[in-house]
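Asker: Quick one, upload17.pdb (PDB, C-alpha atoms):
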```
ATOM      1  CA  MET A   1    -134.323  83.837-183.466
ATOM      2  CA  ARG A   2    -131.116  84.520-181.552
ATOM      3  CA  ARG A   3    -129.238  81.545-180.098
ATOM      4  CA  ALA A   4    -128.741  81.575-176.311
ATOM      5  CA  ALA A   5    -124.948  81.852-176.694
ATOM      6  CA  GLU A   6    -125.185  85.068-178.706
ATOM      7  CA  ARG A   7    -125.027  88.328-176.785
ATOM      8  CA  ALA A   8    -127.176  91.316-177.543
ATOM      9  CA  ARG A   9    -125.369  94.645-177.900
ATOM     10  CA  TYR A  10    -126.878  97.811-176.488
ATOM     11  CA  THR A  11    -125.750 101.372-176.040
ATOM     12  CA  TYR A  12    -125.254 102.392-172.418
ATOM     13  CA  ASP A  13    -128.359 104.567-172.574
ATOM     14  CA  GLU A  14    -130.430 101.614-173.867
ATOM     15  CA  TYR A  15    -129.029  99.432-171.078
ATOM     16  CA  ARG A  16    -129.766 102.070-168.410
ATOM     17  CA  ARG A  17    -133.354 102.529-169.618
ATOM     18  CA  PHE A  18    -133.844  98.765-169.710
ATOM     19  CA  GLU A  19    -132.536  98.472-166.125
ATOM     20  CA  GLU A  20    -134.869 101.240-164.949
ATOM     21  CA  ALA A  21    -137.857  99.482-166.488
ATOM     22  CA  THR A  22    -137.331  96.189-164.646
ATOM     23  CA  ASP A  23    -136.721  94.911-161.144
ATOM     24  CA  ALA A  24    -134.072  92.463-162.382
ATOM     25  CA  LYS A  25    -130.332  93.128-162.549
ATOM     26  CA  HIS A  26    -128.695  92.026-165.759
ATOM     27  CA  GLU A  27    -125.037  91.511-164.960
ATOM     28  CA  TYR A  28    -125.808  88.443-162.857
ATOM     29  CA  ILE A  29    -124.192  85.241-164.141
ATOM     30  CA  ASP A  30    -124.339  82.668-161.334
ATOM     31  CA  GLY A  31    -125.225  82.412-157.699
ATOM     32  CA  THR A  32    -125.635  79.866-154.941
ATOM     33  CA  PRO A  33    -126.810  80.032-151.342
ATOM     34  CA  GLU A  34    -123.142  79.770-150.284
ATOM     35  CA  HIS A  35    -122.308  82.752-152.488
ATOM     36  CA  ALA A  36    -125.131  84.789-150.983
ATOM     37  CA  ALA A  37    -124.144  83.800-147.426
ATOM     38  CA  LEU A  38    -120.538  84.892-147.925
ATOM     39  CA  ALA A  39    -121.577  88.192-149.504
ATOM     40  CA  ALA A  40    -123.943  88.856-146.586
ATOM     41  CA  ALA A  41    -121.217  88.009-144.059
ATOM     42  CA  VAL A  42    -118.756  90.414-145.718
ATOM     43  CA  ILE A  43    -121.343  93.205-145.835
ATOM     44  CA  ALA A  44    -122.349  92.659-142.204
ATOM     45  CA  GLU A  45    -118.757  92.664-140.969
ATOM     46  CA  LEU A  46    -117.719  95.750-142.931
ATOM     47  CA  SER A  47    -120.893  97.632-142.005
ATOM     48  CA  ARG A  48    -120.284  96.874-138.324
ATOM     49  CA  GLN A  49    -116.719  98.156-138.464
ATOM     50  CA  LEU A  50    -117.425 101.240-140.562
ATOM     51  CA  VAL A  51    -120.441 102.571-138.646
ATOM     52  CA  GLY A  52    -119.985 106.225-137.684
ATOM     53  CA  GLY A  53    -117.053 106.740-140.039
ATOM     54  CA  PRO A  54    -116.711 108.338-143.463
ATOM     55  CA  CYS A  55    -117.197 105.085-145.396
ATOM     56  CA  THR A  56    -120.457 103.326-146.303
ATOM     57  CA  THR A  57    -120.977  99.691-147.298
ATOM     58  CA  PHE A  58    -123.427  98.939-150.121
ATOM     59  CA  THR A  59    -125.025  95.678-151.211
ATOM     60  CA  SER A  60    -125.124  94.289-154.737
ATOM     61  CA  ASP A  61    -128.100  96.541-155.415
ATOM     62  CA  LEU A  62    -125.689  99.418-156.103
ATOM     63  CA  ARG A  63    -124.699  99.681-159.743
ATOM     64  CA  VAL A  64    -121.083 100.735-160.289
ATOM     65  CA  ARG A  65    -120.042 102.321-163.569
ATOM     66  CA  VAL A  66    -116.509 102.298-164.915
ATOM     67  CA  ARG A  67    -116.543 105.525-166.903
ATOM     68  CA  ALA A  68    -113.285 104.775-168.740
ATOM     69  CA  THR A  69    -114.561 101.513-170.229
ATOM     70  CA  GLY A  70    -118.356 101.817-170.040
ATOM     71  CA  LEU A  71    -118.833  98.720-167.864
ATOM     72  CA  ALA A  72    -121.849  98.845-165.561
ATOM     73  CA  THR A  73    -121.898  96.106-162.955
ATOM     74  CA  TYR A  74    -123.251  95.063-159.573
ATOM     75  CA  PRO A  75    -120.367  94.041-157.289
ATOM     76  CA  ASP A  76    -121.333  91.793-154.380
ATOM     77  CA  ALA A  77    -120.315  94.598-152.012
ATOM     78  CA  THR A  78    -119.038  98.143-152.488
ATOM     79  CA  VAL A  79    -117.500 100.549-150.007
ATOM     80  CA  ILE A  80    -117.520 104.263-150.788
ATOM     81  CA  CYS A  81    -115.689 106.748-148.589
ATOM     82  CA  GLY A  82    -116.957 110.307-148.562
ATOM     83  CA  ASP A  83    -119.798 111.430-150.772
ATOM     84  CA  LEU A  84    -121.256 109.054-153.337
ATOM     85  CA  GLU A  85    -120.479 110.359-156.822
ATOM     86  CA  ARG A  86    -123.109 109.518-159.412
ATOM     87  CA  ASP A  87    -122.464 108.834-163.062
ATOM     88  CA  PRO A  88    -123.563 111.914-165.058
ATOM     89  CA  GLU A  89    -125.297 109.605-167.566
ATOM     90  CA  ASP A  90    -126.892 107.425-164.906
ATOM     91  CA  PRO A  91    -127.892 108.864-161.517
ATOM     92  CA  ASN A  92    -128.393 105.332-160.154
ATOM     93  CA  ALA A  93    -124.766 104.320-160.739
ATOM     94  CA  ALA A  94    -121.813 105.193-158.506
ATOM     95  CA  VAL A  95    -118.418 106.003-160.014
ATOM     96  CA  ASN A  96    -116.212 106.358-156.924
ATOM     97  CA  PRO A  97    -115.885 103.073-155.035
ATOM     98  CA  THR A  98    -112.939 102.766-152.635
ATOM     99  CA  VAL A  99    -113.286  98.987-152.210
ATOM    100  CA  LEU A 100    -115.072  96.470-154.441
ATOM    101  CA  ILE A 101    -115.792  92.918-153.293
ATOM    102  CA  GLU A 102    -116.715  89.945-155.456
ATOM    103  CA  VAL A 103    -117.593  86.501-154.103
ATOM    104  CA  LEU A 104    -116.327  84.034-156.673
ATOM    105  CA  SER A 105    -118.451  81.321-158.217
ATOM    106  CA  ASP A 106    -117.475  78.570-160.630
ATOM    107  CA  SER A 107    -118.849  80.426-163.631
ATOM    108  CA  THR A 108    -117.542  83.908-162.732
ATOM    109  CA  ALA A 109    -114.145  83.328-161.068
ATOM    110  CA  ALA A 110    -112.026  83.763-164.202
ATOM    111  CA  TYR A 111    -114.033  86.810-165.340
ATOM    112  CA  ASP A 112    -113.946  88.461-161.886
ATOM    113  CA  ALA A 113    -110.178  87.914-161.505
ATOM    114  CA  GLY A 114    -109.331  88.840-165.088
ATOM    115  CA  GLU A 115    -111.489  90.909-167.426
ATOM    116  CA  LYS A 116    -113.641  92.515-164.725
ATOM    117  CA  PHE A 117    -110.528  93.510-162.754
ATOM    118  CA  ALA A 118    -109.079  95.065-165.926
ATOM    119  CA  HIS A 119    -112.175  97.290-166.005
ATOM    120  CA  TYR A 120    -112.177  97.994-162.259
ATOM    121  CA  ARG A 121    -108.561  99.110-162.178
ATOM    122  CA  GLN A 122    -109.584 102.013-164.452
ATOM    123  CA  ILE A 123    -111.617 103.528-161.586
ATOM    124  CA  PRO A 124    -109.426 106.329-160.159
ATOM    125  CA  HIS A 125    -110.896 106.120-156.620
ATOM    126  CA  LEU A 126    -110.575 102.332-156.308
ATOM    127  CA  ARG A 127    -107.935 101.321-153.749
ATOM    128  CA  GLU A 128    -108.696  97.650-153.065
ATOM    129  CA  TYR A 129    -110.404  94.822-154.923
ATOM    130  CA  VAL A 130    -111.350  91.792-152.826
ATOM    131  CA  LEU A 131    -112.047  88.311-154.196
ATOM    132  CA  VAL A 132    -113.715  85.894-151.760
ATOM    133  CA  SER A 133    -113.594  82.200-152.655
ATOM    134  CA  HIS A 134    -116.700  80.099-152.099
ATOM    135  CA  GLN A 135    -114.794  76.824-152.640
ATOM    136  CA  GLU A 136    -112.102  77.210-149.989
ATOM    137  CA  ARG A 137    -111.301  79.531-147.094
ATOM    138  CA  ARG A 138    -109.342  82.068-149.093
ATOM    139  CA  ILE A 139    -109.576  85.786-149.700
ATOM    140  CA  GLU A 140    -107.418  87.690-152.138
ATOM    141  CA  VAL A 141    -106.985  91.444-152.115
ATOM    142  CA  ARG A 142    -105.523  93.464-154.941
ATOM    143  CA  ARG A 143    -104.297  96.759-153.558
ATOM    144  CA  ARG A 144    -103.284  99.881-155.474
ATOM    145  CA  ASP A 145    -100.024 101.287-154.145
ATOM    146  CA  PRO A 146     -99.063 104.995-154.170
ATOM    147  CA  GLY A 147     -97.277 104.504-157.508
ATOM    148  CA  ASP A 148    -100.549 103.230-159.074
ATOM    149  CA  ALA A 149     -99.266  99.632-159.301
ATOM    150  CA  TRP A 150    -101.373  96.755-157.990
ATOM    151  CA  GLN A 151    -100.092  94.319-155.348
ATOM    152  CA  THR A 152    -101.817  91.014-154.548
ATOM    153  CA  LEU A 153    -102.100  89.421-151.101
ATOM    154  CA  GLN A 154    -103.886  86.191-150.171
ATOM    155  CA  VAL A 155    -105.163  85.215-146.759
ATOM    156  CA  THR A 156    -106.158  81.648-145.907
ATOM    157  CA  ARG A 157    -107.637  79.665-143.004
ATOM    158  CA  GLY A 158    -107.069  81.346-139.656
ATOM    159  CA  GLY A 159    -105.861  84.599-141.229
ATOM    160  CA  THR A 160    -107.185  88.139-141.172
ATOM    161  CA  LEU A 161    -107.230  90.478-144.126
ATOM    162  CA  HIS A 162    -106.599  94.130-143.328
ATOM    163  CA  LEU A 163    -108.232  96.554-145.755
ATOM    164  CA  ALA A 164    -105.875  99.503-145.390
ATOM    165  CA  SER A 165    -107.935 101.938-147.459
ATOM    166  CA  ILE A 166    -110.885 101.758-145.068
ATOM    167  CA  GLY A 167    -109.229 100.611-141.835
ATOM    168  CA  ALA A 168    -111.247  97.391-141.557
ATOM    169  CA  ASP A 169    -110.337  93.745-140.998
ATOM    170  CA  LEU A 170    -111.924  90.613-142.407
ATOM    171  CA  SER A 171    -111.266  87.460-140.376
ATOM    172  CA  LEU A 172    -111.577  84.463-142.659
ATOM    173  CA  ASP A 173    -112.862  82.158-139.963
ATOM    174  CA  THR A 174    -115.442  84.720-138.821
ATOM    175  CA  LEU A 175    -116.771  85.142-142.365
ATOM    176  CA  TYR A 176    -116.910  81.465-143.218
ATOM    177  CA  ASP A 177    -118.231  80.380-139.805
ATOM    178  CA  ARG A 178    -121.039  82.951-139.868
ATOM    179  CA  SER A 179    -123.177  80.731-142.088
ATOM    180  CA  PRO A 180    -123.856  77.006-141.703
ATOM    181  CA  LEU A 181    -123.671  76.813-145.503
ATOM    182  CA  THR A 182    -119.958  77.673-145.527
ATOM    183  CA  ARG A 183    -118.735  76.001-142.312
ATOM    184  CA  PRO A 184    -117.421  72.794-143.955
ATOM    185  CA  LEU A 185    -114.948  74.761-146.106
TER     186      LEU A 185
END
```
Could you quickly redo this structure as structure tokens?

Answerer:
Amino acid sequence: MRRAAERARYTYDEYRRFEEATDAKHEYIDGTPEHAALAAAVIAELSRQLVGGPCTTFTSDLRVRVRATGLATYPDATVICGDLERDPEDPNAAVNPTVLIEVLSDSTAAYDAGEKFAHYRQIPHLREYVLVSHQERRIEVRRRDPGDAWQTLQVTRGGTLHLASIGADLSLDTLYDRSPLTRPL
């Protein structure tokens, strides 16, 4: 019998077939109502601002595949500008996100900011990676510059984050005030 701490290893094709055979998503590590409320607020705000334009906001139901590393994951929100490009090995996975958003939780914060970002930065189309804190009113954006280097900017209470790649703004107070679960932050 395998101990809970041990991880099973699968080929990508085995993983994809397993995902297709179940309603569950298997990259999920942790989640709280506050996490879900912040993700919903981000999606609602971006969807409102992007309506009628070339970019589309997706929920965490969209699987994103990092072709260079093989990672398949479900970001809390994804924005794709132009046509959605599907992974040739997995027609249910997108490979061309412009913006990826992760709402941090205690158990995933280090992974999202570190190892997962190392994977994400291998996506050629990715322009901005947004990390939304659920513990304090803080949003961090990592932005790819024209020279392919990544710059980091943080916005805190009362600030607004401009997502240059999609021409949208995220007001911290609007996001955190949208849900009674996150108002005390």

Asker: Rank A:Leu100, A:Thr69, A:Ser165, A:Glu45 by their smallest atom-to-atom distance to A:Ala118, using all atoms listed in the file, and report the top residue only.

Answerer: A:Thr69

Asker: For the provided coordinates, the residues matched by the PyMOL selection byres ((chain A and resi 71-87) around 7) should be stated as a CSV table (one decimal) with C-alpha atoms, keeping the file's coordinate frame.

Answerer:
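Resulting contents of out_19.csv:
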```csv
chain,number,residue,atom,x,y,z
A,27,GLU,CA,-125.0,91.5,-165.0
A,39,ALA,CA,-121.6,88.2,-149.5
A,43,ILE,CA,-121.3,93.2,-145.8
A,54,PRO,CA,-116.7,108.3,-143.5
A,55,CYS,CA,-117.2,105.1,-145.4
A,56,THR,CA,-120.5,103.3,-146.3
A,57,THR,CA,-121.0,99.7,-147.3
A,58,PHE,CA,-123.4,98.9,-150.1
A,59,THR,CA,-125.0,95.7,-151.2
A,60,SER,CA,-125.1,94.3,-154.7
A,61,ASP,CA,-128.1,96.5,-155.4
A,62,LEU,CA,-125.7,99.4,-156.1
A,63,ARG,CA,-124.7,99.7,-159.7
A,64,VAL,CA,-121.1,100.7,-160.3
A,65,ARG,CA,-120.0,102.3,-163.6
A,66,VAL,CA,-116.5,102.3,-164.9
A,69,THR,CA,-114.6,101.5,-170.2
A,70,GLY,CA,-118.4,101.8,-170.0
A,88,PRO,CA,-123.6,111.9,-165.1
A,89,GLU,CA,-125.3,109.6,-167.6
A,90,ASP,CA,-126.9,107.4,-164.9
A,91,PRO,CA,-127.9,108.9,-161.5
A,92,ASN,CA,-128.4,105.3,-160.2
A,93,ALA,CA,-124.8,104.3,-160.7
A,94,ALA,CA,-121.8,105.2,-158.5
A,95,VAL,CA,-118.4,106.0,-160.0
A,96,ASN,CA,-116.2,106.4,-156.9
A,97,PRO,CA,-115.9,103.1,-155.0
A,98,THR,CA,-112.9,102.8,-152.6
A,99,VAL,CA,-113.3,99.0,-152.2
A,100,LEU,CA,-115.1,96.5,-154.4
A,101,ILE,CA,-115.8,92.9,-153.3
A,102,GLU,CA,-116.7,89.9,-155.5
A,103,VAL,CA,-117.6,86.5,-154.1
```

Asker: Translate the PyMOL selection byres ((chain A and resi 37) around 10), as applied to the file shown, into an explicit residue set as a list in words.

Answerer: Thr32, Pro33, Glu34, His35, Ala36, Leu38, Ala39, Ala40, Ala41, Val42, Ile43, Val103, His134, Leu175, Tyr176, Arg178, Ser179, Pro180, Leu181 and Thr182 of chain A

Asker: Report, in Å with one decimal, the straight-line distance from atom CA of A:Ser107 to atom CA of A:Gly159.

Answerer: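 Going from atom CA of A:Ser107 over to atom CA of A:Gly159 covers 26.2 Å.
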
Asker: Calculate how many Å separate atom CA of A:His119 from atom CA of A:Pro146, rounding to one decimal.

Answerer: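 Distance between the two atoms: 19.3 Å.
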
Asker: Name all residues at most 7 Å from A:Gly158 (count only C-alpha atoms; drop same-chain ones fewer than 2 positions away) and give them as a ChimeraX atom specification.

Answerer: /A:156,160,172-173

Asker: Please report the interatomic distance between atom CA of A:Ser133 and atom CA of A:Gln154 in Å with one decimal.

Answerer: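 Going from atom CA of A:Ser133 over to atom CA of A:Gln154, I get 10.8 Å.
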
Asker: For a quick check of understanding, using all atoms listed in the file, which of A:Glu14, A:Ile166, A:Gln135, A:Arg127 has the smallest distance to A:Gly147?

Answerer: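 Once distances to A:Gly147 are computed over all atoms listed in the file, the minimum belongs to A:Arg127.
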
Asker: Smallest atom-to-atom distance to A:Tyr120: which of A:Ser47, A:Thr174, A:Arg144, A:Asp106, using all atoms listed in the file?

Answerer: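 Answer, going by the shortest atom-to-atom distance: A:Arg144.
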
Asker: From the set A:Ile139, A:Val51, A:Val132, A:His162, which residue has the shortest atom-to-atom contact distance to A:Leu104, counting only C-alpha atoms?

Answerer: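 Using only C-alpha atoms, A:Leu104 sits closest to A:Val132.
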